[in-house]
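> My structure is in target39.cif, and what it holds is mmCIF, C-alpha atoms and all ligand atoms:
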```
data_final
#
loop_
_atom_site.label_atom_id
_atom_site.label_comp_id
_atom_site.auth_asym_id
_atom_site.auth_seq_id
_atom_site.Cartn_x
_atom_site.Cartn_y
_atom_site.Cartn_z
CA MET A 1 0.00 0.00 0.00
CA ARG A 2 1.25 3.48 -0.86
CA LEU A 3 2.19 5.66 2.10
CA VAL A 4 2.12 9.43 1.91
CA LYS A 5 4.61 11.48 3.96
CA SER A 6 3.39 14.57 5.72
CA SER A 7 5.30 16.78 8.12
CA VAL A 8 2.09 17.92 9.76
CA LEU A 9 0.15 14.71 9.34
CA GLY A 10 2.65 11.95 9.80
CA TRP A 11 2.30 8.85 7.63
CA LYS A 12 -1.11 8.17 6.14
CA THR A 13 -2.71 5.27 4.32
CA PRO A 14 -5.28 6.07 1.61
CA ARG A 15 -8.70 4.39 2.06
CA THR A 16 -10.33 4.69 -1.34
CA GLY A 17 -13.79 3.14 -0.62
CA LEU A 18 -14.36 5.41 2.34
CA THR A 19 -13.05 8.32 0.33
CA VAL A 20 -15.61 7.90 -2.43
CA LEU A 21 -18.32 7.82 0.22
CA ILE A 22 -16.99 10.99 1.85
CA VAL A 23 -16.90 12.86 -1.45
CA ILE A 24 -20.52 11.83 -2.11
CA VAL A 25 -21.52 12.97 1.40
CA LEU A 26 -19.75 16.30 0.93
CA GLN A 27 -21.61 16.84 -2.32
CA VAL A 28 -24.99 15.82 -0.87
CA LEU A 29 -24.43 18.26 2.01
CA GLY A 30 -23.74 20.98 -0.53
CA LEU A 31 -20.26 21.38 0.91
CA LYS A 32 -18.74 22.30 -2.37
CA VAL A 33 -15.05 21.77 -2.23
CA GLY A 34 -12.91 24.47 -3.78
CA ARG A 35 -10.09 24.25 -6.27
CA PRO A 36 -7.58 22.37 -4.14
CA GLN A 37 -9.87 19.43 -3.36
CA GLU A 38 -11.02 18.96 -6.94
CA SER A 39 -7.74 17.18 -7.57
CA ALA A 40 -6.91 16.51 -3.93
CA PRO A 41 -5.55 13.15 -2.87
CA PRO A 42 -8.22 10.99 -1.18
CA GLN A 43 -6.77 11.36 2.31
CA ILE A 44 -7.23 15.14 2.13
CA ASN A 45 -10.93 14.71 1.48
CA GLU A 46 -11.16 12.39 4.46
CA GLU A 47 -9.54 15.05 6.65
CA ILE A 48 -11.88 17.73 5.29
CA ALA A 49 -14.84 15.54 6.20
CA LYS A 50 -13.39 15.19 9.73
CA GLN A 51 -13.00 18.97 9.90
CA GLU A 52 -16.65 19.34 8.97
CA LYS A 53 -17.56 17.34 12.07
CA ILE A 54 -15.63 19.84 14.20
CA TYR A 55 -17.60 22.72 12.67
CA ARG A 56 -20.85 20.89 13.35
CA SER A 57 -19.96 19.84 16.89
CA ARG A 58 -22.23 21.07 19.67
CA GLY A 59 -22.20 21.15 23.46
CA ALA A 60 -19.96 18.54 25.03
CA HIS A 61 -18.87 17.34 21.58
CA VAL A 62 -17.05 20.59 20.76
CA PRO A 63 -13.31 19.79 20.98
CA SER A 64 -11.67 21.75 23.80
CA GLY A 65 -9.32 23.62 21.43
CA TYR A 66 -12.17 24.87 19.24
CA VAL A 67 -12.83 28.21 20.95
CA THR A 68 -15.76 30.16 19.52
CA ASN A 69 -16.48 32.84 22.11
CA ARG A 70 -13.47 35.15 22.27
CA ALA A 71 -14.35 38.61 23.53
CA LEU A 72 -13.47 41.92 21.88
CA TRP A 73 -10.81 42.25 24.57
CA ASP A 74 -9.19 39.04 23.22
CA TYR A 75 -9.32 40.42 19.68
CA VAL A 76 -7.51 43.58 20.82
CA GLU A 77 -4.87 41.44 22.53
CA ILE A 78 -4.41 39.01 19.64
CA LEU A 79 -4.73 41.15 16.52
CA PRO A 80 -1.98 43.45 15.21
CA HIS A 81 -1.32 46.82 16.70
CA GLY A 82 -3.64 49.38 15.10
CA PHE A 83 -6.81 47.29 15.15
CA CYS A 84 -8.18 49.12 18.19
CA ASP A 85 -7.67 52.61 16.70
CA ALA A 86 -9.11 51.48 13.39
CA LEU A 87 -12.22 50.13 15.13
CA ALA A 88 -12.57 53.33 17.13
CA SER A 89 -12.35 55.43 13.97
CA LEU A 90 -15.33 53.76 12.25
CA GLY A 91 -18.39 55.92 11.66
CA SER A 92 -22.05 55.00 11.31
CA THR A 93 -21.87 54.33 7.58
CA ASP A 94 -18.76 52.15 7.87
CA ARG A 95 -18.80 48.34 7.95
CA TRP A 96 -16.80 45.70 9.86
CA LEU A 97 -16.71 42.05 8.78
CA ASP A 98 -15.52 39.38 11.23
CA ILE A 99 -14.69 36.22 9.29
CA GLY A 100 -14.90 33.12 11.44
CA ALA A 101 -16.84 34.89 14.16
CA GLY A 102 -17.97 31.81 16.10
CA ASP A 103 -20.56 33.05 18.63
CA GLY A 104 -20.00 36.65 17.50
CA GLN A 105 -19.00 37.71 21.02
CA ALA A 106 -16.52 40.35 19.80
CA ILE A 107 -19.29 42.10 17.87
CA LEU A 108 -21.66 41.84 20.84
CA ASP A 109 -19.00 43.50 23.01
CA TYR A 110 -18.56 46.25 20.41
CA TYR A 111 -22.28 46.97 20.65
CA ALA A 112 -22.70 46.44 24.39
CA PRO A 113 -24.54 49.33 26.09
CA ALA A 114 -22.10 51.74 27.80
CA ASP A 115 -23.11 50.67 31.31
CA ARG A 116 -22.54 47.00 30.50
CA ALA A 117 -19.56 47.38 28.17
CA PRO A 118 -16.67 45.09 29.06
CA ALA A 119 -13.36 46.64 30.02
CA VAL A 120 -11.47 46.84 26.75
CA LYS A 121 -8.10 48.53 26.44
CA CYS A 122 -9.35 50.41 23.42
CA ASN A 123 -10.56 53.97 23.83
CA GLY A 124 -13.64 55.08 21.97
CA TYR A 125 -14.20 51.78 20.20
CA ARG A 126 -17.94 51.69 20.91
CA GLY A 127 -20.44 50.49 18.28
CA ARG A 128 -21.18 52.90 15.52
CA ALA A 129 -20.36 50.87 12.41
CA ARG A 130 -22.51 48.08 10.98
CA ALA A 131 -20.98 44.73 11.79
CA VAL A 132 -21.27 41.39 10.02
CA ALA A 133 -20.30 38.12 11.71
CA MET A 134 -19.52 35.19 9.41
CA SER A 135 -19.22 31.56 10.47
CA ILE A 136 -19.56 28.29 8.57
CA GLU A 137 -21.81 26.91 11.30
CA ASP A 138 -24.51 28.91 13.05
CA ARG A 139 -23.30 29.56 16.62
CA ARG A 140 -25.65 32.39 17.42
CA THR A 141 -26.57 32.51 21.09
CA GLU A 142 -29.68 33.80 22.82
CA LYS A 143 -27.63 36.90 23.66
CA TRP A 144 -26.94 37.49 19.97
CA GLN A 145 -30.63 37.13 19.06
CA GLN A 146 -31.64 39.60 21.78
CA GLN A 147 -29.02 42.19 20.89
CA ALA A 148 -29.76 41.95 17.16
CA ALA A 149 -33.48 42.44 17.87
CA SER A 150 -32.89 45.40 20.19
CA LEU A 151 -30.50 47.14 17.78
CA GLY A 152 -32.84 46.59 14.83
CA ASP A 153 -32.10 48.17 11.48
CA ASP A 154 -29.76 45.37 10.48
CA ARG A 155 -26.84 46.91 12.44
CA ILE A 156 -25.45 43.49 13.28
CA ARG A 157 -25.86 40.58 10.91
CA TYR A 158 -24.85 36.95 11.22
CA LEU A 159 -24.06 34.98 8.06
CA SER A 160 -23.70 31.21 8.24
CA GLY A 161 -24.08 28.06 6.18
CA LYS A 162 -21.31 28.90 3.72
CA ARG A 163 -17.62 29.64 3.57
CA LEU A 164 -16.33 33.09 2.62
CA ARG A 165 -15.49 31.93 -0.93
CA GLN A 166 -19.12 30.91 -1.54
CA TYR A 167 -20.52 34.43 -1.14
CA SER A 168 -20.69 36.77 -4.10
CA ARG A 169 -19.22 40.24 -3.75
CA GLU A 170 -22.70 41.66 -4.22
CA GLU A 171 -24.05 39.60 -1.31
CA LEU A 172 -21.34 40.89 1.01
CA GLY A 173 -20.77 44.46 -0.12
CA LYS A 174 -17.61 46.27 0.99
CA PHE A 175 -15.99 46.76 4.37
CA GLN A 176 -13.57 49.25 5.96
CA ILE A 177 -12.26 46.65 8.41
CA ILE A 178 -12.12 42.87 8.16
CA THR A 179 -10.95 40.75 11.09
CA ASP A 180 -10.09 37.10 11.43
CA VAL A 181 -9.08 35.55 14.77
CA TYR A 182 -8.48 31.82 14.37
CA GLY A 183 -11.05 32.01 11.55
CA GLY A 184 -10.93 31.34 7.83
CA PHE A 185 -7.28 32.36 7.45
CA SER A 186 -6.27 29.59 9.89
CA TYR A 187 -8.81 27.04 8.64
CA THR A 188 -9.16 27.42 4.88
CA GLU A 189 -7.93 24.77 2.46
CA ASP A 190 -7.22 27.46 -0.13
CA LEU A 191 -5.29 30.35 1.42
CA SER A 192 -4.73 32.08 -1.91
CA GLN A 193 -8.40 32.14 -2.87
CA PHE A 194 -9.30 33.15 0.69
CA VAL A 195 -7.01 36.20 0.70
CA GLU A 196 -8.16 37.20 -2.78
CA LYS A 197 -11.80 37.09 -1.65
CA VAL A 198 -11.05 39.08 1.50
CA LEU A 199 -9.34 41.80 -0.54
CA SER A 200 -12.17 41.85 -3.07
CA VAL A 201 -14.64 42.90 -0.36
CA LEU A 202 -12.29 45.35 1.34
CA GLU A 203 -12.60 49.05 0.47
CA ILE A 204 -9.48 50.71 -0.88
CA ASP A 205 -7.55 51.92 2.17
CA GLY A 206 -9.43 49.36 4.26
CA VAL A 207 -7.44 46.92 6.42
CA PHE A 208 -7.61 43.18 7.00
CA TYR A 209 -6.38 42.23 10.49
CA THR A 210 -5.52 38.58 10.98
CA MET A 211 -3.08 36.17 12.59
CA VAL A 212 -1.84 32.63 12.15
CA GLN A 213 -0.07 30.46 14.68
CA ARG A 214 2.64 27.81 14.34
CA VAL A 215 4.12 29.16 11.12
CA HIS A 216 7.67 30.00 10.09
CA LEU A 217 8.00 33.56 11.40
CA GLN A 218 9.06 36.53 9.32
CA HIS A 219 11.07 38.40 11.95
CA GLY A 220 12.40 36.59 14.94
CA ASN A 221 13.77 33.19 15.36
CA ASP A 222 11.55 30.19 15.16
CA THR A 223 11.33 28.41 18.49
CA PRO A 224 13.32 25.20 18.31
CA GLY A 225 11.06 22.15 18.22
CA THR A 226 8.02 24.10 16.92
CA ARG A 227 5.23 21.87 15.67
CA TYR A 228 4.20 23.80 12.56
CA GLU A 229 0.52 23.87 11.64
CA THR A 230 0.63 25.98 8.49
CA GLU A 231 3.59 25.48 6.17
CA LEU A 232 4.33 27.02 2.79
CA VAL A 233 6.99 25.64 0.48
CA ASP A 234 8.22 26.64 -2.95
CA ALA A 235 8.59 24.36 -5.97
CA ALA A 236 11.93 23.10 -4.63
CA GLY A 237 10.38 22.26 -1.23
CA ARG A 238 12.06 25.18 0.59
CA ASP A 239 10.15 26.86 3.43
CA VAL A 240 8.52 30.17 2.57
CA THR A 241 7.10 32.45 5.27
CA VAL A 242 3.47 33.41 5.00
CA CYS A 243 4.49 37.09 5.06
CA SER A 244 6.96 36.87 2.20
CA TRP A 245 4.26 35.10 0.15
CA LEU A 246 1.66 37.76 1.05
CA ARG A 247 4.07 40.59 0.20
CA LYS A 248 3.96 39.54 -3.45
CA THR A 249 0.26 40.42 -3.56
CA ALA A 250 -0.44 43.27 -5.97
CA CYS A 251 -2.29 46.25 -4.48
CA ALA A 252 -1.68 45.20 -0.88
CA LEU A 253 0.59 46.64 1.79
CA VAL A 254 1.48 43.87 4.22
CA CYS A 255 2.86 44.35 7.75
CA CYS A 256 3.79 41.45 9.98
CA GLU A 257 4.55 41.29 13.71
CA SER A 258 6.22 38.04 14.72
CA LYS A 259 5.45 36.80 18.20
CA SER A 260 8.13 34.23 18.86
CA ASP A 261 7.65 34.49 22.63
CA TRP A 262 3.96 33.50 22.56
CA GLU A 263 3.07 29.98 23.68
CA ALA A 264 2.52 29.09 20.03
CA PRO A 265 4.75 31.19 17.72
CA THR A 266 2.35 33.46 15.89
CA GLU A 267 2.45 35.92 12.99
CA LEU A 268 0.15 38.94 13.35
CA ILE A 269 -0.75 40.25 9.92
CA ASN A 270 -2.18 43.55 8.75
CA ILE A 271 -3.00 43.98 5.05
CA ARG A 272 -4.02 47.38 3.69
CA LYS A 273 -5.63 47.39 0.26
CA ILE A 274 -4.09 50.22 -1.74
CA CYS A 275 -5.58 49.78 -5.24
CA SER A 276 -8.19 47.65 -6.95
CA ASP A 277 -6.14 45.34 -9.21
CA VAL A 278 -5.48 42.80 -6.49
CA SER A 279 -3.70 39.66 -7.53
CA VAL A 280 -2.66 36.98 -5.03
CA GLY A 281 0.00 34.36 -5.69
CA ARG A 282 -1.48 30.93 -6.34
CA MET A 283 -0.77 27.90 -4.21
CA LYS A 284 -1.88 24.31 -4.07
CA LEU A 285 -2.80 22.24 -1.06
CA LEU A 286 -0.34 19.40 -0.44
CA GLN A 287 -1.53 18.20 2.96
CA TYR A 288 -4.39 18.84 5.35
CA GLU A 289 -5.06 17.40 8.77
CA ALA A 290 -8.30 18.18 10.60
CA GLY A 291 -7.80 20.04 13.89
CA ASN A 292 -8.20 23.26 15.85
CA PRO A 293 -6.77 24.79 13.72
CA PRO A 294 -6.03 22.18 11.06
CA GLY A 295 -2.52 21.28 9.90
CA ARG A 296 -1.90 22.51 6.34
CA ARG A 297 0.94 22.40 3.86
CA PHE A 298 0.78 24.47 0.69
CA GLN A 299 3.05 24.72 -2.32
CA ILE A 300 3.28 28.18 -3.80
CA GLY A 301 3.42 28.56 -7.57
CA PRO A 302 4.89 28.27 -10.13
CA TYR A 303 4.47 24.52 -9.74
C1 LIG A 401 -12.19 28.53 16.28
S1 LIG A 401 -13.58 29.44 15.72
C2 LIG A 401 -13.04 31.10 16.09
C3 LIG A 401 -14.21 31.96 16.49
C4 LIG A 401 -13.88 33.40 16.95
N1 LIG A 401 -13.11 34.14 16.01
C5 LIG A 401 -13.18 33.37 18.27
O1 LIG A 401 -11.99 33.69 18.31
O2 LIG A 401 -13.81 33.01 19.27
C6 LIG A 401 -13.39 29.32 13.94
C7 LIG A 401 -14.47 30.05 13.15
O3 LIG A 401 -14.01 30.19 11.80
C8 LIG A 401 -15.06 29.83 10.93
N2 LIG A 401 -14.49 29.54 9.60
C9 LIG A 401 -13.49 28.68 9.29
N3 LIG A 401 -13.23 28.73 7.97
C10 LIG A 401 -14.05 29.66 7.44
C11 LIG A 401 -14.26 30.17 6.12
N4 LIG A 401 -13.54 29.73 5.07
N5 LIG A 401 -15.22 31.10 5.93
C12 LIG A 401 -15.96 31.55 6.98
N6 LIG A 401 -15.80 31.12 8.25
C13 LIG A 401 -14.87 30.19 8.47
C14 LIG A 401 -15.76 28.71 11.67
O4 LIG A 401 -17.01 28.43 11.14
C15 LIG A 401 -15.80 29.32 13.07
O5 LIG A 401 -16.85 30.24 13.19
#
```
Here is the file; what I need is its structure written in the form of structure tokens.
Ligand SMILES: C[S@@+](CC[C@H](N)C(=O)[O-])C[C@H]1O[C@@H](n2cnc3c(N)ncnc32)[C@H](O)[C@@H]1O

Amino acid sequence: MRLVKSSVLGWKTPRTGLTVLIVIVLQVLGLKVGRPQESAPPQINEEIAKQEKIYRSRGAHVPSGYVTNRALWDYVEILPHGFCDALASLGSTDRWLDIGAGDGQAILDYYAPADRAPAVKCNGYRGRARAVAMSIEDRRTEKWQQQAASLGDDRIRYLSGKRLRQYSREELGKFQIITDVYGGFSYTEDLSQFVEKVLSVLEIDGVFYTMVQRVHLQHGNDTPGTRYETELVDAAGRDVTVCSWLRKTACALVCCESKSDWEAPTELINIRKICSDVSVGRMKLLQYEAGNPPGRRFQIGPY
């Protein structure tokens, strides 16, 4: 039997019968797989089906590492410097999209009434802009339903049932700020298509704030013995940092802050869209292992 080597996955054995079944199930569920899976090895589809179970998990079945209720305070701590000021500068006609919002707690905190607002080290951030939470699975809580009803006027919206790539630009409109905390950027099977879609719904001069853990860091030494979760390699198999790949994106200004002293080495990423002809370097998915977040290995083009 053929064995496939994976630095994130270890050795794997393909199971073709099960694979065919999984692909059929994915199709029946309407879980359209994107470009990478169309030609993906069978074991990747198996892992994607496992990942789907994590998204659908509820109550006691939610794996402990799959955190879906981070507060706005956590976002301010985790996202790159500048997020707080950018949030505070939004006006009533501006829009904020949180991709991979989970319960949408950060947006609830943004809109919390002044007397119940959580302590956030972020002056003047309070809810003026319209905010959209996006999650594959619907994790809206009673609190979300109540706050959405009391705010009325569509000020906070929750989109679920699809991945970012499955929305049209018209459905989403444009945003001044897009955030992603352990969301699509950490979970997608097609990082290139994901970033391109994010930039397509960002206003010019708008900023995408994101992060990714357990990657080769841009500045700062990698911690010896790091178990990498997201790896990028070039055609010769050499490691490429996520920031050096992103910096080749046309019409985007990319800033990275490497956190080598965090428990899991993490790259904080801020991408400002500076013109409309965005073009993101292609990559193909080599390996994928379900998890929180999943293990992924991509090869950047040319292949
Ligand atoms: C671990 S939770 C993080 C939730 C929240 N950001 C937090 O920190 O509490 C991951 C979230 O990302 C969402 N997600 C993953 N991939 C996505 C994609 N391609 N498009 C939209 N949402 C995605 C999941 O559905 C889920 O809501």
> What is the distance, in Å and to one decimal place, between CA of Asp74 in chain A and CA of Arg296 in chain A?
24.7 Å
> Write out as a list in words the residues lying within 7 Å of range 283-286 of chain A, counting only C-alpha atoms and excluding same-chain residues fewer than 5 positions away.
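Listed by chain and then number, they are Pro36, Glu189, Asp190, Ser192, Arg297, Phe298, Gln299, Ile300 and Gly301 of chain A.
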> Identify, on the basis of all atoms listed in the file, every residue whose closest approach to Ile274 in chain A does not exceed 7 Å; exclude the query and any residue fewer than 4 positions from it along the same chain; express the result as a ChimeraX atom specification.
/A:204-205,251-253
> Would you mind listing, for every residue of chain A within 8 Å of ligand LIG 401 (chain A), the two atoms forming the shortest contact and the distance between them in Å to one decimal, using all atoms listed in the file, sorted by chain and ascending residue number, as a Markdown table?

```
| residue | atom | partner | partner_atom | distance |
| --- | --- | --- | --- | --- |
| A:Tyr55 | CA | A:LIG401 | O4 | 5.9 |
| A:Gly65 | CA | A:LIG401 | C1 | 7.7 |
| A:Tyr66 | CA | A:LIG401 | C1 | 4.7 |
| A:Val67 | CA | A:LIG401 | C1 | 4.7 |
| A:Thr68 | CA | A:LIG401 | O2 | 3.5 |
| A:Asn69 | CA | A:LIG401 | O2 | 3.9 |
| A:Arg70 | CA | A:LIG401 | O2 | 3.7 |
| A:Ala71 | CA | A:LIG401 | O2 | 7.1 |
| A:Asp74 | CA | A:LIG401 | O1 | 7.8 |
| A:Tyr75 | CA | A:LIG401 | O1 | 7.4 |
| A:Asp98 | CA | A:LIG401 | N1 | 7.5 |
| A:Ile99 | CA | A:LIG401 | N6 | 5.3 |
| A:Gly100 | CA | A:LIG401 | O3 | 3.1 |
| A:Ala101 | CA | A:LIG401 | N1 | 4.2 |
| A:Gly102 | CA | A:LIG401 | O5 | 3.5 |
| A:Asp103 | CA | A:LIG401 | O2 | 6.8 |
| A:Gly104 | CA | A:LIG401 | C4 | 7.0 |
| A:Gln105 | CA | A:LIG401 | O2 | 7.2 |
| A:Ala106 | CA | A:LIG401 | O2 | 7.8 |
| A:Met134 | CA | A:LIG401 | N6 | 5.6 |
| A:Ser135 | CA | A:LIG401 | O5 | 3.8 |
| A:Ile136 | CA | A:LIG401 | O4 | 3.6 |
| A:Glu137 | CA | A:LIG401 | O4 | 5.0 |
| A:Asp138 | CA | A:LIG401 | O4 | 7.8 |
| A:Arg139 | CA | A:LIG401 | O5 | 7.3 |
| A:Ser160 | CA | A:LIG401 | O4 | 7.8 |
| A:Lys162 | CA | A:LIG401 | C12 | 6.8 |
| A:Arg163 | CA | A:LIG401 | N5 | 3.7 |
| A:Leu164 | CA | A:LIG401 | N5 | 4.0 |
| A:Arg165 | CA | A:LIG401 | N4 | 6.7 |
| A:Asp180 | CA | A:LIG401 | N1 | 6.2 |
| A:Val181 | CA | A:LIG401 | N1 | 4.4 |
| A:Tyr182 | CA | A:LIG401 | C2 | 4.9 |
| A:Gly183 | CA | A:LIG401 | O3 | 3.5 |
| A:Gly184 | CA | A:LIG401 | N3 | 3.5 |
| A:Phe185 | CA | A:LIG401 | N3 | 7.0 |
| A:Ser186 | CA | A:LIG401 | N3 | 7.3 |
| A:Tyr187 | CA | A:LIG401 | N3 | 4.8 |
| A:Thr188 | CA | A:LIG401 | N4 | 5.0 |
| A:Glu189 | CA | A:LIG401 | N4 | 7.9 |
| A:Phe194 | CA | A:LIG401 | N4 | 7.0 |
| A:Asn292 | CA | A:LIG401 | C1 | 6.6 |
| A:Pro293 | CA | A:LIG401 | C1 | 7.1 |
```
> Could the residues in this selection be saved with C-alpha atoms as a PDB file, in the coordinates of the input?

```pdb
ATOM      1  CA  TYR A  55     -17.600  22.720  12.670  1.00  0.00           C
ATOM      2  CA  GLY A  65      -9.320  23.620  21.430  1.00  0.00           C
ATOM      3  CA  TYR A  66     -12.170  24.870  19.240  1.00  0.00           C
ATOM      4  CA  VAL A  67     -12.830  28.210  20.950  1.00  0.00           C
ATOM      5  CA  THR A  68     -15.760  30.160  19.520  1.00  0.00           C
ATOM      6  CA  ASN A  69     -16.480  32.840  22.110  1.00  0.00           C
ATOM      7  CA  ARG A  70     -13.470  35.150  22.270  1.00  0.00           C
ATOM      8  CA  ALA A  71     -14.350  38.610  23.530  1.00  0.00           C
ATOM      9  CA  ASP A  74      -9.190  39.040  23.220  1.00  0.00           C
ATOM     10  CA  TYR A  75      -9.320  40.420  19.680  1.00  0.00           C
ATOM     11  CA  ASP A  98     -15.520  39.380  11.230  1.00  0.00           C
ATOM     12  CA  ILE A  99     -14.690  36.220   9.290  1.00  0.00           C
ATOM     13  CA  GLY A 100     -14.900  33.120  11.440  1.00  0.00           C
ATOM     14  CA  ALA A 101     -16.840  34.890  14.160  1.00  0.00           C
ATOM     15  CA  GLY A 102     -17.970  31.810  16.100  1.00  0.00           C
ATOM     16  CA  ASP A 103     -20.560  33.050  18.630  1.00  0.00           C
ATOM     17  CA  GLY A 104     -20.000  36.650  17.500  1.00  0.00           C
ATOM     18  CA  GLN A 105     -19.000  37.710  21.020  1.00  0.00           C
ATOM     19  CA  ALA A 106     -16.520  40.350  19.800  1.00  0.00           C
ATOM     20  CA  MET A 134     -19.520  35.190   9.410  1.00  0.00           C
ATOM     21  CA  SER A 135     -19.220  31.560  10.470  1.00  0.00           C
ATOM     22  CA  ILE A 136     -19.560  28.290   8.570  1.00  0.00           C
ATOM     23  CA  GLU A 137     -21.810  26.910  11.300  1.00  0.00           C
ATOM     24  CA  ASP A 138     -24.510  28.910  13.050  1.00  0.00           C
ATOM     25  CA  ARG A 139     -23.300  29.560  16.620  1.00  0.00           C
ATOM     26  CA  SER A 160     -23.700  31.210   8.240  1.00  0.00           C
ATOM     27  CA  LYS A 162     -21.310  28.900   3.720  1.00  0.00           C
ATOM     28  CA  ARG A 163     -17.620  29.640   3.570  1.00  0.00           C
ATOM     29  CA  LEU A 164     -16.330  33.090   2.620  1.00  0.00           C
ATOM     30  CA  ARG A 165     -15.490  31.930  -0.930  1.00  0.00           C
ATOM     31  CA  ASP A 180     -10.090  37.100  11.430  1.00  0.00           C
ATOM     32  CA  VAL A 181      -9.080  35.550  14.770  1.00  0.00           C
ATOM     33  CA  TYR A 182      -8.480  31.820  14.370  1.00  0.00           C
ATOM     34  CA  GLY A 183     -11.050  32.010  11.550  1.00  0.00           C
ATOM     35  CA  GLY A 184     -10.930  31.340   7.830  1.00  0.00           C
ATOM     36  CA  PHE A 185      -7.280  32.360   7.450  1.00  0.00           C
ATOM     37  CA  SER A 186      -6.270  29.590   9.890  1.00  0.00           C
ATOM     38  CA  TYR A 187      -8.810  27.040   8.640  1.00  0.00           C
ATOM     39  CA  THR A 188      -9.160  27.420   4.880  1.00  0.00           C
ATOM     40  CA  GLU A 189      -7.930  24.770   2.460  1.00  0.00           C
ATOM     41  CA  PHE A 194      -9.300  33.150   0.690  1.00  0.00           C
ATOM     42  CA  ASN A 292      -8.200  23.260  15.850  1.00  0.00           C
ATOM     43  CA  PRO A 293      -6.770  24.790  13.720  1.00  0.00           C
TER      44      PRO A 293
END
```
> Please provide the set of residues having any atom within 8 Å of Ile156 in chain A, restricted to all atoms listed in the file, with same-chain residues fewer than 6 positions apart removed, written as a ChimeraX atom specification.
/A:107,130-133,148
> Here's a test: counting all atoms listed in the file, identify every protein, DNA and RNA residue with an atom at most 9 Å from (13.2, 36.2, 13.8) in the file's coordinate frame, and state them as a list in words.
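Within 9 Å of (13.2, 36.2, 13.8), the protein and nucleic acid residues are Leu217, Gln218, His219, Gly220, Asn221, Asp222, Ser258, Lys259 and Ser260 of chain A.
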> If we count all atoms listed in the file, what is near Tyr110 in chain A at a cut-off of 7 Å, once residues fewer than 2 positions away on the same chain are taken out, given as a PyMOL selection string?
chain A and resi 72+106-108+112+126-127
> Considering all atoms listed in the file, can you say which of A:Ala235, A:Ala149, A:Met211, A:Ala250 comes closest to Ile269 in chain A?
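Nearest to Ile269 in chain A: A:Met211.
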> Please measure the separation of CA of Ser244 in chain A and CA of Ile271 in chain A, giving the value in Å to one decimal.
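Interatomic distance, CA of Ser244 in chain A to CA of Ile271 in chain A: 12.6 Å.
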> Nearest residue to Phe208 in chain A out of A:Ile177, A:Tyr288, A:Gln193, A:Arg238, using all atoms listed in the file?
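Going through A:Ile177, A:Tyr288, A:Gln193, A:Arg238 one by one, the smallest distance to Phe208 in chain A is for A:Ile177.
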> May I have the residues within 12 Å of Glu263 in chain A as a PyMOL selection string, using only C-alpha atoms and disregarding those fewer than 3 positions away in the same chain?
chain A and resi 213-214+223+226-227+259-260+266
> Could you write range 107-115 of chain A of the block just shown to a file containing N, CA, C and O atoms, as a compact mmCIF listing (two decimals), in the first residue's frame?

```txt
# COMPACT_ATOMS: atom_id res chain seq x y z
N ILE A 107 -18.36 41.10 18.40
CA ILE A 107 -19.29 42.10 17.87
C ILE A 107 -20.31 42.49 18.94
O ILE A 107 -20.67 43.66 19.08
N LEU A 108 -20.74 41.52 19.74
CA LEU A 108 -21.66 41.84 20.84
C LEU A 108 -21.00 42.82 21.81
O LEU A 108 -21.63 43.76 22.27
N ASP A 109 -19.72 42.60 22.10
CA ASP A 109 -19.00 43.50 23.01
C ASP A 109 -18.91 44.90 22.41
O ASP A 109 -19.03 45.90 23.12
N TYR A 110 -18.68 44.97 21.11
CA TYR A 110 -18.56 46.25 20.41
C TYR A 110 -19.86 47.06 20.58
O TYR A 110 -19.85 48.27 20.70
N TYR A 111 -20.98 46.32 20.57
CA TYR A 111 -22.28 46.97 20.65
C TYR A 111 -22.88 46.99 22.04
O TYR A 111 -24.01 47.43 22.21
N ALA A 112 -22.13 46.49 23.04
CA ALA A 112 -22.70 46.44 24.39
C ALA A 112 -23.04 47.84 24.88
O ALA A 112 -22.27 48.78 24.64
N PRO A 113 -24.19 48.02 25.56
CA PRO A 113 -24.54 49.33 26.09
C PRO A 113 -23.44 49.83 27.02
O PRO A 113 -22.79 49.02 27.70
N ALA A 114 -23.23 51.15 27.05
CA ALA A 114 -22.10 51.74 27.80
C ALA A 114 -22.01 51.22 29.23
O ALA A 114 -20.93 50.90 29.71
N ASP A 115 -23.17 51.08 29.91
CA ASP A 115 -23.11 50.67 31.31
C ASP A 115 -22.77 49.19 31.47
O ASP A 115 -22.45 48.74 32.56
```
